[in-house]
Every structure is written in structure tokens, then in C-alpha cells.
Amino acid sequence: MKSLNKALSIAAILGLSIVSTMASAAQKVGVIDVQLVLQSLPQVAVIEQKINAEFQDQIQEVTAMREEGNFLVEKLQREAATMSEEQKLQLQQQITTLGQQMQQKGQPLQQNMQNRTAEERNKLLGLIKQAIDGIAAAEDYDMVLNAQSVPFAKEEFDISQQVLDRVSKAN
């Protein structure tokens, strides 16, 4: 009986030492704030300029329509007292027609700009992913988590600046 107790005790101690050894083998974990990195990239401003240049003619056309509409609304407010009912009605109809035209051109323009922005953003997210993979491999990280999904992490685990530096250098 004593030898059985000794054997069980030794087995328990040995099992605990193996478990504690495995638990003490720490994993290297990094944290990244993807949104912060994305917003801080110099490429974002370049992309914004590129998209605005791409749609510049359409933007100017919609802006001109908006300015003309504002002018007509102000004119109606300013001169309504001296205008005949027919003139008021005609001006209101012009404003309505211009508003409809602006909406017909503005909505597709906005949608196209959003689509292009999403395309370019996805390219940047791909670069960010490559940078994360590269840093994780080079520095032997076991896991890199998005800072948005981690309630707390020490600053020493944050690799956001490294990723930002790496992606900023890439074009």
C-alpha cells in the first residue's frame, strides 16, 4: 500500500511539473490597432487625391448644380415679394428640376467614389496584413490580435508603429 501511495505521489508530482513547464512556455503575442495604422498612413492622402482627380469633372458638375440651386433658392426668397405667382411657380419648378438632376448625377457619383475608396482601402489592408505577417515571422510572434478585440494590452505588445513604418515605406 505504501509503495502504491509513493508511486501515485511521484506520478502526481511528475504530472504537475510537466503541466507547469508547458504553462510556463509563454507564447509571444502582439497587438495591432489596424484602424489607427490605416488612418495614419501617408498613402491615404495620396489615394484621396487620386480619387478626387479621377472624378473631378463629375464633382465640379454636381457642385455647379448645387451652387446654381442655392442661388435660385436665395433669389426666390429675396424677390418673392415682387414676383408674380407665375414667376414664383416657374422658379420653384426650375429649383425642383435642378434638384432632381443633381440627385440623378450625385448619387451614382457618390457610389462610384465609395467603391473606388473601398478598392484602394482593401489594397492598403492587404499591405498591412503583409507587414503584420512579416513582423510576426521575423520576431517569432505566436499570435497577433486586433486591438479593437482586446480590452487591455500592455504597450510592449503593441506592434502598430512597426506595421505603420513598414507599410509607409512600401508603395
# chains A, B, ... in the order shown; residues from 1 in each chain; ligands from 1

call {"tool": "closest_atom_pairs", "arguments": {"of": "stretch 71-127 of chain A", "to": "stretch 153-170 of chain A", "cutoff": "12 Å", "atoms": "only C-alpha atoms", "output": "Markdown table"}}
result
| residue | atom | partner | partner_atom | distance |
| --- | --- | --- | --- | --- |
| A:Lys123 | CA | A:Val167 | CA | 11.3 |
| A:Leu124 | CA | A:Val167 | CA | 8.3 |
| A:Leu125 | CA | A:Val167 | CA | 9.7 |
| A:Gly126 | CA | A:Val167 | CA | 9.9 |
| A:Leu127 | CA | A:Val167 | CA | 6.3 |

call {"tool": "write_last_selection", "arguments": {"atoms": "N, CA, C and O atoms", "output": "PDB file, in the first residue's frame"}}
result
ATOM      1  N   LYS A 123      -6.638  47.406 -50.774  1.00  0.00           N
ATOM      2  CA  LYS A 123      -5.231  47.251 -51.138  1.00  0.00           C
ATOM      3  C   LYS A 123      -4.329  47.585 -49.950  1.00  0.00           C
ATOM      4  O   LYS A 123      -3.367  46.883 -49.663  1.00  0.00           O
ATOM      5  N   LEU A 124      -4.676  48.684 -49.260  1.00  0.00           N
ATOM      6  CA  LEU A 124      -3.884  49.068 -48.082  1.00  0.00           C
ATOM      7  C   LEU A 124      -3.990  48.027 -46.977  1.00  0.00           C
ATOM      8  O   LEU A 124      -3.001  47.723 -46.306  1.00  0.00           O
ATOM      9  N   LEU A 125      -5.184  47.483 -46.785  1.00  0.00           N
ATOM     10  CA  LEU A 125      -5.354  46.436 -45.769  1.00  0.00           C
ATOM     11  C   LEU A 125      -4.519  45.209 -46.120  1.00  0.00           C
ATOM     12  O   LEU A 125      -3.980  44.539 -45.229  1.00  0.00           O
ATOM     13  N   GLY A 126      -4.382  44.924 -47.413  1.00  0.00           N
ATOM     14  CA  GLY A 126      -3.517  43.828 -47.849  1.00  0.00           C
ATOM     15  C   GLY A 126      -2.065  44.098 -47.493  1.00  0.00           C
ATOM     16  O   GLY A 126      -1.347  43.200 -47.037  1.00  0.00           O
ATOM     17  N   LEU A 127      -1.623  45.347 -47.708  1.00  0.00           N
ATOM     18  CA  LEU A 127      -0.252  45.719 -47.329  1.00  0.00           C
ATOM     19  C   LEU A 127      -0.052  45.620 -45.820  1.00  0.00           C
ATOM     20  O   LEU A 127       1.002  45.186 -45.350  1.00  0.00           O
TER      21      LEU A 127
END

call {"tool": "residues_around", "arguments": {"residues": "A:Gln93", "least_positions_apart": "6", "cutoff": "12 Å", "atoms": "only C-alpha atoms", "output": "MDAnalysis selection string"}}
result
chainID A and resid 69 72:73 76 86:87 99:100

call {"tool": "select_by_dssp", "arguments": {"residues": "stretch 3-158 of chain A", "states": "strand (DSSP E)", "output": "short mmCIF file (atom, residue, chain, number, x, y, z; two decimals) with all heavy atoms, in the first residue's frame"}}
result
data_model
loop_
_atom_site.label_atom_id
_atom_site.label_comp_id
_atom_site.auth_asym_id
_atom_site.auth_seq_id
_atom_site.Cartn_x
_atom_site.Cartn_y
_atom_site.Cartn_z
N VAL A 29 2.76 37.26 -27.95
CA VAL A 29 1.53 37.81 -28.51
C VAL A 29 1.75 39.29 -28.82
O VAL A 29 2.31 40.02 -28.02
CB VAL A 29 0.36 37.66 -27.51
CG1 VAL A 29 -0.90 38.29 -28.06
CG2 VAL A 29 0.12 36.19 -27.20
N GLY A 30 1.28 39.70 -29.99
CA GLY A 30 1.33 41.10 -30.38
C GLY A 30 -0.07 41.65 -30.56
O GLY A 30 -1.02 40.90 -30.76
N VAL A 31 -0.17 42.95 -30.48
CA VAL A 31 -1.46 43.63 -30.65
C VAL A 31 -1.25 44.75 -31.66
O VAL A 31 -0.22 45.42 -31.65
CB VAL A 31 -1.97 44.21 -29.31
CG1 VAL A 31 -3.26 44.97 -29.50
CG2 VAL A 31 -2.14 43.11 -28.28
N ILE A 32 -2.23 44.93 -32.54
CA ILE A 32 -2.15 46.00 -33.53
C ILE A 32 -3.48 46.71 -33.64
O ILE A 32 -4.53 46.08 -33.64
CB ILE A 32 -1.72 45.48 -34.92
CG1 ILE A 32 -1.71 46.64 -35.91
CG2 ILE A 32 -2.59 44.36 -35.39
CD1 ILE A 32 -1.06 46.33 -37.21
N MET A 143 1.03 34.92 -32.06
CA MET A 143 -0.30 35.43 -32.33
C MET A 143 -0.25 36.95 -32.35
O MET A 143 0.44 37.57 -31.56
CB MET A 143 -1.23 34.97 -31.19
CG MET A 143 -2.67 35.26 -31.38
SD MET A 143 -3.70 34.70 -29.97
CE MET A 143 -2.97 33.16 -29.47
N VAL A 144 -1.01 37.54 -33.29
CA VAL A 144 -1.18 39.00 -33.34
C VAL A 144 -2.67 39.26 -33.36
O VAL A 144 -3.39 38.76 -34.21
CB VAL A 144 -0.50 39.62 -34.59
CG1 VAL A 144 -0.75 41.12 -34.63
CG2 VAL A 144 1.00 39.34 -34.59
N LEU A 145 -3.13 40.04 -32.39
CA LEU A 145 -4.55 40.32 -32.23
C LEU A 145 -4.86 41.76 -32.60
O LEU A 145 -4.02 42.65 -32.43
CB LEU A 145 -4.98 40.07 -30.78
CG LEU A 145 -4.72 38.67 -30.23
CD1 LEU A 145 -4.98 38.64 -28.73
CD2 LEU A 145 -5.58 37.65 -30.94
N ASN A 146 -6.08 41.98 -33.07
CA ASN A 146 -6.54 43.33 -33.35
C ASN A 146 -6.84 44.02 -32.02
O ASN A 146 -7.55 43.47 -31.18
CB ASN A 146 -7.79 43.29 -34.23
CG ASN A 146 -8.18 44.64 -34.76
OD1 ASN A 146 -7.75 45.67 -34.26
ND2 ASN A 146 -9.01 44.65 -35.77
#

call {"tool": "select_by_dssp", "arguments": {"residues": "chain A", "states": "helix (DSSP H, G or I)", "output": "JSON, numbers by chain"}}
result
{"A": [2, 3, 4, 5, 6, 7, 8, 9, 10, 11, 12, 13, 14, 15, 16, 17, 18, 19, 20, 21, 22, 23, 24, 34, 35, 36, 37, 38, 39, 40, 42, 43, 44, 45, 46, 47, 48, 49, 50, 51, 52, 53, 54, 56, 57, 58, 59, 60, 61, 62, 63, 64, 65, 66, 67, 68, 69, 70, 71, 72, 73, 74, 75, 76, 77, 78, 79, 80, 81, 82, 85, 86, 87, 88, 89, 90, 91, 92, 93, 94, 95, 96, 97, 98, 99, 100, 101, 102, 103, 104, 105, 106, 107, 108, 109, 110, 111, 112, 113, 114, 115, 116, 117, 118, 119, 120, 121, 122, 123, 124, 125, 126, 127, 128, 129, 130, 131, 132, 133, 134, 135, 136, 137, 138, 147, 148, 149, 155, 156, 157, 160, 161, 162, 163, 164, 165, 166, 167, 168, 169]}

call {"tool": "residues_around", "arguments": {"residues": "stretch 55-64 of chain A", "least_positions_apart": "6", "cutoff": "7 Å", "atoms": "only C-alpha atoms", "output": "PyMOL selection string"}}
result
chain A and resi 102+105-106

call {"tool": "closest_residue", "arguments": {"among": "A:Lys129, A:Arg121, A:Ala138, A:Gln101", "to": "A:Val46", "atoms": "only C-alpha atoms"}}
result
A:Arg121

call {"tool": "atom_distance", "arguments": {"atom1": "atom CA of A:Ile47", "atom2": "atom CA of A:Ile128"}}
result
15.5 Å
